[in-house]
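Dropping entry.cif in here (mmCIF, C-alpha atoms):
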```cif
data_model
loop_
_atom_site.group_PDB
_atom_site.id
_atom_site.type_symbol
_atom_site.label_atom_id
_atom_site.label_comp_id
_atom_site.auth_asym_id
_atom_site.auth_seq_id
_atom_site.Cartn_x
_atom_site.Cartn_y
_atom_site.Cartn_z
ATOM 1 C CA MET A 135 -20.750 10.260 -3.840
ATOM 2 C CA GLY A 136 -17.857 9.276 -1.563
ATOM 3 C CA MET A 137 -17.462 6.133 0.453
ATOM 4 C CA ARG A 138 -19.041 5.928 3.897
ATOM 5 C CA TRP A 139 -17.000 4.114 6.542
ATOM 6 C CA GLU A 140 -18.167 2.566 9.766
ATOM 7 C CA ARG A 141 -15.639 1.608 12.441
ATOM 8 C CA GLN A 142 -16.134 -1.624 14.386
ATOM 9 C CA GLU A 143 -13.762 -3.494 16.692
ATOM 10 C CA PHE A 144 -13.795 -7.232 17.411
ATOM 11 C CA ASN A 145 -11.816 -9.592 19.631
ATOM 12 C CA LEU A 146 -10.083 -12.321 17.627
ATOM 13 C CA PRO A 147 -9.959 -15.949 18.784
ATOM 14 C CA GLU A 148 -6.645 -17.245 20.121
ATOM 15 C CA ASP A 149 -6.031 -19.367 17.011
ATOM 16 C CA HIS A 150 -6.907 -16.589 14.533
ATOM 17 C CA GLY A 151 -3.789 -17.282 12.438
ATOM 18 C CA TRP A 152 -2.665 -13.689 11.839
ATOM 19 C CA THR A 153 1.068 -13.140 12.320
ATOM 20 C CA ALA A 154 3.308 -10.106 11.882
ATOM 21 C CA LYS A 155 6.886 -9.043 12.502
ATOM 22 C CA PRO A 156 7.430 -7.767 16.067
ATOM 23 C CA GLY A 157 6.447 -4.105 16.168
ATOM 24 C CA ASN A 158 4.111 -4.448 13.176
ATOM 25 C CA ARG A 159 0.459 -5.246 12.589
ATOM 26 C CA VAL A 160 -1.373 -6.603 9.553
ATOM 27 C CA PHE A 161 -3.520 -4.330 7.388
ATOM 28 C CA VAL A 162 -6.135 -6.024 5.177
ATOM 29 C CA GLY A 163 -8.104 -3.810 2.782
ATOM 30 C CA ASN A 164 -11.276 -4.798 0.955
ATOM 31 C CA GLN A 165 -11.267 -8.350 2.360
ATOM 32 C CA GLY A 166 -7.795 -9.091 1.029
ATOM 33 C CA ALA A 167 -7.709 -7.094 -2.185
ATOM 34 C CA VAL A 168 -4.557 -5.640 -0.620
ATOM 35 C CA ARG A 169 -2.635 -6.759 2.465
ATOM 36 C CA PHE A 170 0.660 -5.829 4.140
ATOM 37 C CA GLU A 171 2.316 -5.044 7.468
ATOM 38 C CA VAL A 172 2.687 -1.558 8.941
ATOM 39 C CA PRO A 173 4.198 -0.298 12.207
ATOM 40 C CA ASN A 174 1.692 -0.918 14.994
ATOM 41 C CA THR A 175 1.944 2.701 16.160
ATOM 42 C CA TRP A 176 0.694 4.104 12.859
ATOM 43 C CA ILE A 177 -2.835 5.497 12.864
ATOM 44 C CA LEU A 178 -5.358 4.473 10.216
ATOM 45 C CA GLU A 179 -7.535 7.244 8.806
ATOM 46 C CA MET A 180 -10.373 6.897 6.306
ATOM 47 C CA PRO A 181 -10.920 10.432 4.954
ATOM 48 C CA LYS A 182 -14.494 11.437 4.267
ATOM 49 C CA GLY A 183 -15.344 11.181 0.581
ATOM 50 C CA SER A 184 -12.135 9.309 -0.243
ATOM 51 C CA ARG A 185 -11.607 5.799 -1.585
ATOM 52 C CA SER A 186 -8.145 5.638 -0.015
ATOM 53 C CA PHE A 187 -6.855 4.288 3.269
ATOM 54 C CA VAL A 188 -4.428 6.674 4.950
ATOM 55 C CA PHE A 189 -1.856 5.839 7.622
ATOM 56 C CA LEU A 190 -0.109 8.528 9.688
ATOM 57 C CA ASP A 191 2.852 8.009 11.983
ATOM 58 C CA ARG A 192 1.215 10.524 14.328
ATOM 59 C CA LYS A 193 -1.736 12.881 14.535
ATOM 60 C CA PRO A 194 -2.824 15.458 13.599
ATOM 61 C CA GLU A 195 -1.972 14.968 9.949
ATOM 62 C CA ALA A 196 -0.296 18.383 9.785
ATOM 63 C CA ASP A 197 2.278 17.157 12.326
ATOM 64 C CA ALA A 198 2.859 13.736 10.757
ATOM 65 C CA ASP A 199 6.374 12.975 9.554
ATOM 66 C CA ILE A 200 5.308 9.983 7.432
ATOM 67 C CA ARG A 201 2.051 9.566 5.508
ATOM 68 C CA LEU A 202 0.979 6.427 3.641
ATOM 69 C CA ASP A 203 -1.866 6.450 1.122
ATOM 70 C CA VAL A 204 -3.318 3.142 -0.138
ATOM 71 C CA ARG A 205 -5.897 2.573 -2.847
ATOM 72 C CA VAL A 206 -6.911 -0.566 -4.731
ATOM 73 C CA MET A 207 -9.159 -0.769 -7.785
ATOM 74 C CA PRO A 208 -10.046 -2.994 -10.723
ATOM 75 C CA LEU A 209 -7.599 -2.751 -13.614
ATOM 76 C CA ALA A 210 -10.387 -1.675 -15.950
ATOM 77 C CA ALA A 211 -11.161 1.309 -13.707
ATOM 78 C CA ALA A 212 -7.499 2.202 -13.167
ATOM 79 C CA ARG A 213 -6.693 2.328 -16.878
ATOM 80 C CA PRO A 214 -9.859 2.203 -19.010
ATOM 81 C CA ASP A 215 -7.739 3.002 -22.090
ATOM 82 C CA VAL A 216 -6.122 -0.465 -21.965
ATOM 83 C CA ASP A 217 -7.758 -3.615 -23.327
ATOM 84 C CA TRP A 218 -6.820 -5.894 -20.442
ATOM 85 C CA SER A 219 -8.540 -8.887 -22.031
ATOM 86 C CA GLN A 220 -5.729 -9.002 -24.600
ATOM 87 C CA LEU A 221 -2.944 -9.089 -21.994
ATOM 88 C CA GLN A 222 -1.279 -12.489 -21.808
ATOM 89 C CA PRO A 223 0.398 -13.845 -18.638
ATOM 90 C CA TRP A 224 3.839 -13.478 -20.253
ATOM 91 C CA ASP A 225 3.249 -9.888 -21.417
ATOM 92 C CA GLU A 226 5.097 -7.101 -19.609
ATOM 93 C CA PRO A 227 2.524 -4.451 -18.620
ATOM 94 C CA PRO A 228 3.808 -0.879 -19.009
ATOM 95 C CA ILE A 229 3.090 0.078 -15.401
ATOM 96 C CA ALA A 230 6.689 1.244 -14.858
ATOM 97 C CA ASP A 231 6.182 3.874 -17.571
ATOM 98 C CA TRP A 232 2.878 4.979 -16.024
ATOM 99 C CA LEU A 233 4.436 5.309 -12.608
ATOM 100 C CA LYS A 234 7.441 7.329 -13.743
ATOM 101 C CA LYS A 235 5.283 9.689 -15.829
ATOM 102 C CA ASN A 236 2.981 10.296 -12.875
ATOM 103 C CA LEU A 237 5.907 11.127 -10.592
ATOM 104 C CA ALA A 238 7.530 13.421 -13.161
ATOM 105 C CA ALA A 239 4.237 15.323 -13.543
ATOM 106 C CA ASP A 240 3.805 15.807 -9.780
ATOM 107 C CA GLU A 241 2.682 19.369 -8.991
ATOM 108 C CA ARG A 242 5.287 19.615 -6.210
ATOM 109 C CA VAL A 243 7.979 19.902 -8.918
ATOM 110 C CA PRO A 244 10.373 17.001 -8.332
ATOM 111 C CA THR A 245 14.103 17.677 -8.154
ATOM 112 C CA ARG A 246 14.821 14.003 -8.876
ATOM 113 C CA VAL A 247 12.829 11.020 -10.091
ATOM 114 C CA GLY A 248 14.501 7.670 -9.561
ATOM 115 C CA ASN A 249 14.394 4.776 -11.971
ATOM 116 C CA PRO A 250 11.553 2.323 -11.271
ATOM 117 C CA LEU A 251 12.414 -0.961 -9.593
ATOM 118 C CA THR A 252 10.408 -4.070 -10.487
ATOM 119 C CA LEU A 253 9.633 -7.100 -8.318
ATOM 120 C CA ARG A 254 7.544 -10.147 -9.135
ATOM 121 C CA LEU A 255 6.052 -12.038 -6.218
ATOM 122 C CA ASP A 256 3.310 -14.691 -6.248
ATOM 123 C CA GLY A 257 1.903 -13.596 -9.594
ATOM 124 C CA THR A 258 2.000 -9.898 -8.671
ATOM 125 C CA THR A 259 4.109 -7.346 -10.550
ATOM 126 C CA ILE A 260 5.331 -4.659 -8.147
ATOM 127 C CA VAL A 261 6.929 -1.478 -9.500
ATOM 128 C CA TRP A 262 8.057 1.450 -7.377
ATOM 129 C CA ALA A 263 10.181 4.572 -7.592
ATOM 130 C CA GLU A 264 11.149 7.538 -5.449
ATOM 131 C CA MET A 265 10.855 11.265 -6.085
ATOM 132 C CA ASP A 266 12.678 14.071 -4.246
ATOM 133 C CA PHE A 267 11.277 17.573 -3.861
ATOM 134 C CA ILE A 268 11.394 20.687 -1.683
ATOM 135 C CA ASP A 269 8.163 21.178 0.215
ATOM 136 C CA PRO A 270 6.693 24.460 -1.096
ATOM 137 C CA VAL A 271 5.266 25.454 2.294
ATOM 138 C CA GLU A 272 7.918 24.431 4.815
ATOM 139 C CA LYS A 273 10.858 24.691 2.409
ATOM 140 C CA ARG A 274 12.203 21.354 3.664
ATOM 141 C CA PRO A 275 13.573 18.462 1.608
ATOM 142 C CA ALA A 276 11.031 15.667 1.329
ATOM 143 C CA HIS A 277 10.454 12.466 -0.595
ATOM 144 C CA THR A 278 7.636 10.500 -2.144
ATOM 145 C CA ARG A 279 7.697 6.785 -2.866
ATOM 146 C CA LEU A 280 5.049 5.449 -5.223
ATOM 147 C CA CYS A 281 4.264 1.795 -5.820
ATOM 148 C CA TYR A 282 1.954 0.123 -8.337
ATOM 149 C CA ALA A 283 1.227 -3.527 -7.628
ATOM 150 C CA MET A 284 -0.712 -5.320 -10.343
ATOM 151 C CA LYS A 285 -2.134 -8.812 -10.303
ATOM 152 C CA THR A 286 -3.682 -9.614 -13.661
ATOM 153 C CA GLN A 287 -5.153 -12.900 -12.424
ATOM 154 C CA ALA A 288 -7.261 -10.949 -9.906
ATOM 155 C CA ALA A 289 -7.668 -7.960 -12.296
ATOM 156 C CA LEU A 290 -6.546 -5.578 -9.534
ATOM 157 C CA LEU A 291 -4.150 -2.667 -9.203
ATOM 158 C CA ALA A 292 -2.998 -1.457 -5.785
ATOM 159 C CA MET A 293 -1.432 1.996 -5.526
ATOM 160 C CA ILE A 294 0.649 2.803 -2.468
ATOM 161 C CA GLY A 295 2.205 6.204 -1.899
ATOM 162 C CA MET A 296 4.440 7.310 0.970
ATOM 163 C CA ASP A 297 5.428 10.903 1.744
ATOM 164 C CA TYR A 298 8.123 11.596 4.319
ATOM 165 C CA TRP A 299 10.573 14.253 5.453
ATOM 166 C CA ASP A 300 14.242 13.761 4.682
ATOM 167 C CA ASP A 301 15.194 13.678 8.376
ATOM 168 C CA HIS A 302 12.840 10.717 8.937
ATOM 169 C CA ALA A 303 14.148 8.703 5.986
ATOM 170 C CA ASP A 304 15.482 5.804 8.065
ATOM 171 C CA ARG A 305 12.097 5.084 9.693
ATOM 172 C CA ALA A 306 10.241 5.556 6.421
ATOM 173 C CA LYS A 307 12.531 3.245 4.455
ATOM 174 C CA ALA A 308 12.334 0.508 7.102
ATOM 175 C CA ALA A 309 8.534 0.651 7.045
ATOM 176 C CA TRP A 310 8.519 0.679 3.229
ATOM 177 C CA ASN A 311 10.651 -2.460 3.117
ATOM 178 C CA ASP A 312 8.213 -4.225 5.458
ATOM 179 C CA ILE A 313 5.232 -3.085 3.378
ATOM 180 C CA LEU A 314 6.622 -4.338 0.070
ATOM 181 C CA GLY A 315 8.096 -7.441 1.670
ATOM 182 C CA THR A 316 4.673 -8.530 2.944
ATOM 183 C CA LEU A 317 2.499 -7.101 0.147
ATOM 184 C CA LYS A 318 -0.259 -9.376 -1.159
ATOM 185 C CA VAL A 319 -2.795 -8.421 -3.829
ATOM 186 C CA GLY A 320 -5.996 -10.283 -4.642
ATOM 187 C CA GLU A 321 -5.747 -12.913 -1.886
ATOM 188 C CA PHE A 322 -9.208 -12.642 -0.425
ATOM 189 C CA ILE A 323 -9.976 -13.610 3.160
ATOM 190 C CA GLU A 324 -13.343 -15.218 3.852
ATOM 191 C CA SER A 325 -13.429 -14.124 7.483
ATOM 192 C CA PRO A 326 -11.222 -11.714 9.479
ATOM 193 C CA PHE A 327 -11.417 -14.176 12.371
ATOM 194 C CA ARG A 328 -9.465 -16.762 10.370
ATOM 195 C CA GLY A 329 -6.199 -15.421 9.059
ATOM 196 C CA PRO A 330 -4.232 -16.923 6.153
ATOM 197 C CA ASP A 331 -1.785 -18.674 8.505
ATOM 198 C CA ARG A 332 -4.369 -20.493 10.609
ATOM 199 C CA ARG A 333 -4.297 -23.761 8.669
ATOM 200 C CA SER A 334 -0.493 -23.956 8.606
ATOM 201 C CA ARG A 335 -0.322 -23.300 12.338
ATOM 202 C CA ARG A 336 -2.708 -26.159 13.054
ATOM 203 C CA LYS A 337 -0.566 -28.535 10.994
ATOM 204 C CA GLN A 338 2.466 -27.688 13.123
ATOM 205 C CA ARG A 339 0.744 -28.725 16.369
#
```
Kindly transcribe the structure held in the file into structure tokens.
Amino acid sequence: MGMRWERQEFNLPEDHGWTAKPGNRVFVGNQGAVRFEVPNTWILEMPKGSRSFVFLDRKPEADADIRLDVRVMPLAAARPDVDWSQLQPWDEPPIADWLKKNLAADERVPTRVGNPLTLRLDGTTIVWAEMDFIDPVEKRPAHTRLCYAMKTQAALLAMIGMDYWDDHADRAKAAWNDILGTLKVGEFIESPFRGPDRRSRRKQR
């Protein structure tokens, strides 16, 4: 059975504490299991029967030039073949190998798979790579960027995928940099009305 979503909108108090780069807004999934900034014009979709969050730069999806797919899950569910209890904080998890194998096996037949890049921020290991391909329907050059962000302390794995056309690469890459630059995994928020920056803002007054 798929997930059932219910949309609700609330007005935040003036001192809510959420901040974002001009032109962006903050996305918080599963109460802070994953968090990052996206362009404020992007449209959030929650497909029926899916466990993913989907952002489109415009609707309908068939006309979108950039599509972002986000999913977060427990490590044990993401890779049940791995004994995560034996992983030590200093161990290097093989998520770069998993990511590159998944891109190479993509059914869209990649023409190039880039080498994975690794970042480590606030206890989170972030690995991402890019794949080039020719869209089989429109016969246009396109790209996919895939990111795995793992936080062993929170036992979570976030998977972020972006598809975009070659002629929209500049916009896509700028958004991708903002997403990874603000990415947080496993930092749970007690209430959406009190953002993570609220306490620091009060101290500055």
Pick out the closest residue to Pro208 in chain A from this set: A:Asn164, A:Asn311, A:Thr153, A:Thr175. Count all atoms listed in the file.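 Looking only at the distances to Pro208 in chain A, the closest residue turns out to be A:Asn164.
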Could you tell me which residues the PyMOL selection byres ((chain A and resi 280) around 6) returns for this structure, as JSON, numbers by chain? {"A": [262, 263, 279, 281, 294, 295]}
For the structure shown, which residues end up in the PyMOL selection byres ((chain A and resi 256) around 10)? Put them as a PyMOL selection string, please? chain A and resi 254-255+257-259+285+317-319
Two-atom distance - CA of Asn174 in chain A, CA of Arg159 in chain A (Å):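 Distance reported for this atom pair: 5.1 Å.
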Exactly which residues make up the result of the PyMOL selection byres ((chain A and resi 298) around 9) on this file, given as a JSON list (two decimals) with C-alpha atoms, in the coordinates of the input?
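Result file selection-v4.json:
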```json
[["chain", "number", "residue", "atom", "x", "y", "z"],
["A", 198, "ALA", "CA", 2.86, 13.74, 10.76],
["A", 199, "ASP", "CA", 6.37, 12.98, 9.55],
["A", 200, "ILE", "CA", 5.31, 9.98, 7.43],
["A", 201, "ARG", "CA", 2.05, 9.57, 5.51],
["A", 202, "LEU", "CA", 0.98, 6.43, 3.64],
["A", 276, "ALA", "CA", 11.03, 15.67, 1.33],
["A", 277, "HIS", "CA", 10.45, 12.47, -0.60],
["A", 278, "THR", "CA", 7.64, 10.50, -2.14],
["A", 279, "ARG", "CA", 7.70, 6.78, -2.87],
["A", 296, "MET", "CA", 4.44, 7.31, 0.97],
["A", 297, "ASP", "CA", 5.43, 10.90, 1.74],
["A", 299, "TRP", "CA", 10.57, 14.25, 5.45],
["A", 300, "ASP", "CA", 14.24, 13.76, 4.68],
["A", 301, "ASP", "CA", 15.19, 13.68, 8.38],
["A", 302, "HIS", "CA", 12.84, 10.72, 8.94],
["A", 303, "ALA", "CA", 14.15, 8.70, 5.99],
["A", 306, "ALA", "CA", 10.24, 5.56, 6.42]]
```
CA of Phe144 in chain A to CA of Ala288 in chain A: how many Å, to one decimal?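 We find that CA of Phe144 in chain A and CA of Ala288 in chain A lie 28.3 Å from each other.
Counting from CA of Asp269 in chain A, the distance to CA of Asp197 in chain A is 14.1 Å.
The neighbours of Ala309 in chain A here are the residues that come within 9 Å of it, using all atoms listed in the file and leaving out any residue fewer than 6 positions away in the same chain; they are Glu171, Val172 and Pro173 of chain A.
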Would you output that residue set with C-alpha atoms, as a compact mmCIF listing (two decimals), keeping the file's coordinate frame?
```txt
# COMPACT_ATOMS: atom_id res chain seq x y z
CA GLU A 171 2.32 -5.04 7.47
CA VAL A 172 2.69 -1.56 8.94
CA PRO A 173 4.20 -0.30 12.21
```
Residues near Ile323 in chain A, cut-off 9 Å, all atoms listed in the file, skip fewer than 4 positions along chain, as a VMD selection string: chain A and resid 162 165 to 167 328 to 330
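With distances restricted to all atoms listed in the file, A:Leu253 is the closest residue to Met284 in chain A from A:Ala308, A:Met180, A:Phe189, A:Leu253.
Nearest to Leu237 in chain A of all the residues A:Asp266, A:Asp215, A:Glu179, A:Asp191 is A:Asp266, based on all atoms listed in the file.
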Would you kindly identify which residues have an atom no farther than 7 Å from (-8.3, -6.1, -12.3), using only C-alpha atoms and the file's own coordinates, and write them out as a ChimeraX atom specification? /A:208-210,286,288-291
Measuring atom to atom with all atoms listed in the file, identify which of A:Val168, A:Ala212, A:Val243, A:Ile268 is nearest to Leu314 in chain A. A:Val168
Report the centre and edge lengths, in Å to one decimal, of an axis-aligned box enclosing every atom of range 249-267 of chain A listed in the file, padded by 8 Å on each side, as JSON.
```
{"center_x": 8.1, "center_y": 1.4, "center_z": -7.9, "size_x": 28.5, "size_y": 48.3, "size_z": 24.1}
```
Judged by all atoms listed in the file, the minimum distance to Glu321 in chain A among A:Leu146, A:Arg169, A:Val160, A:Trp176 is found for A:Arg169
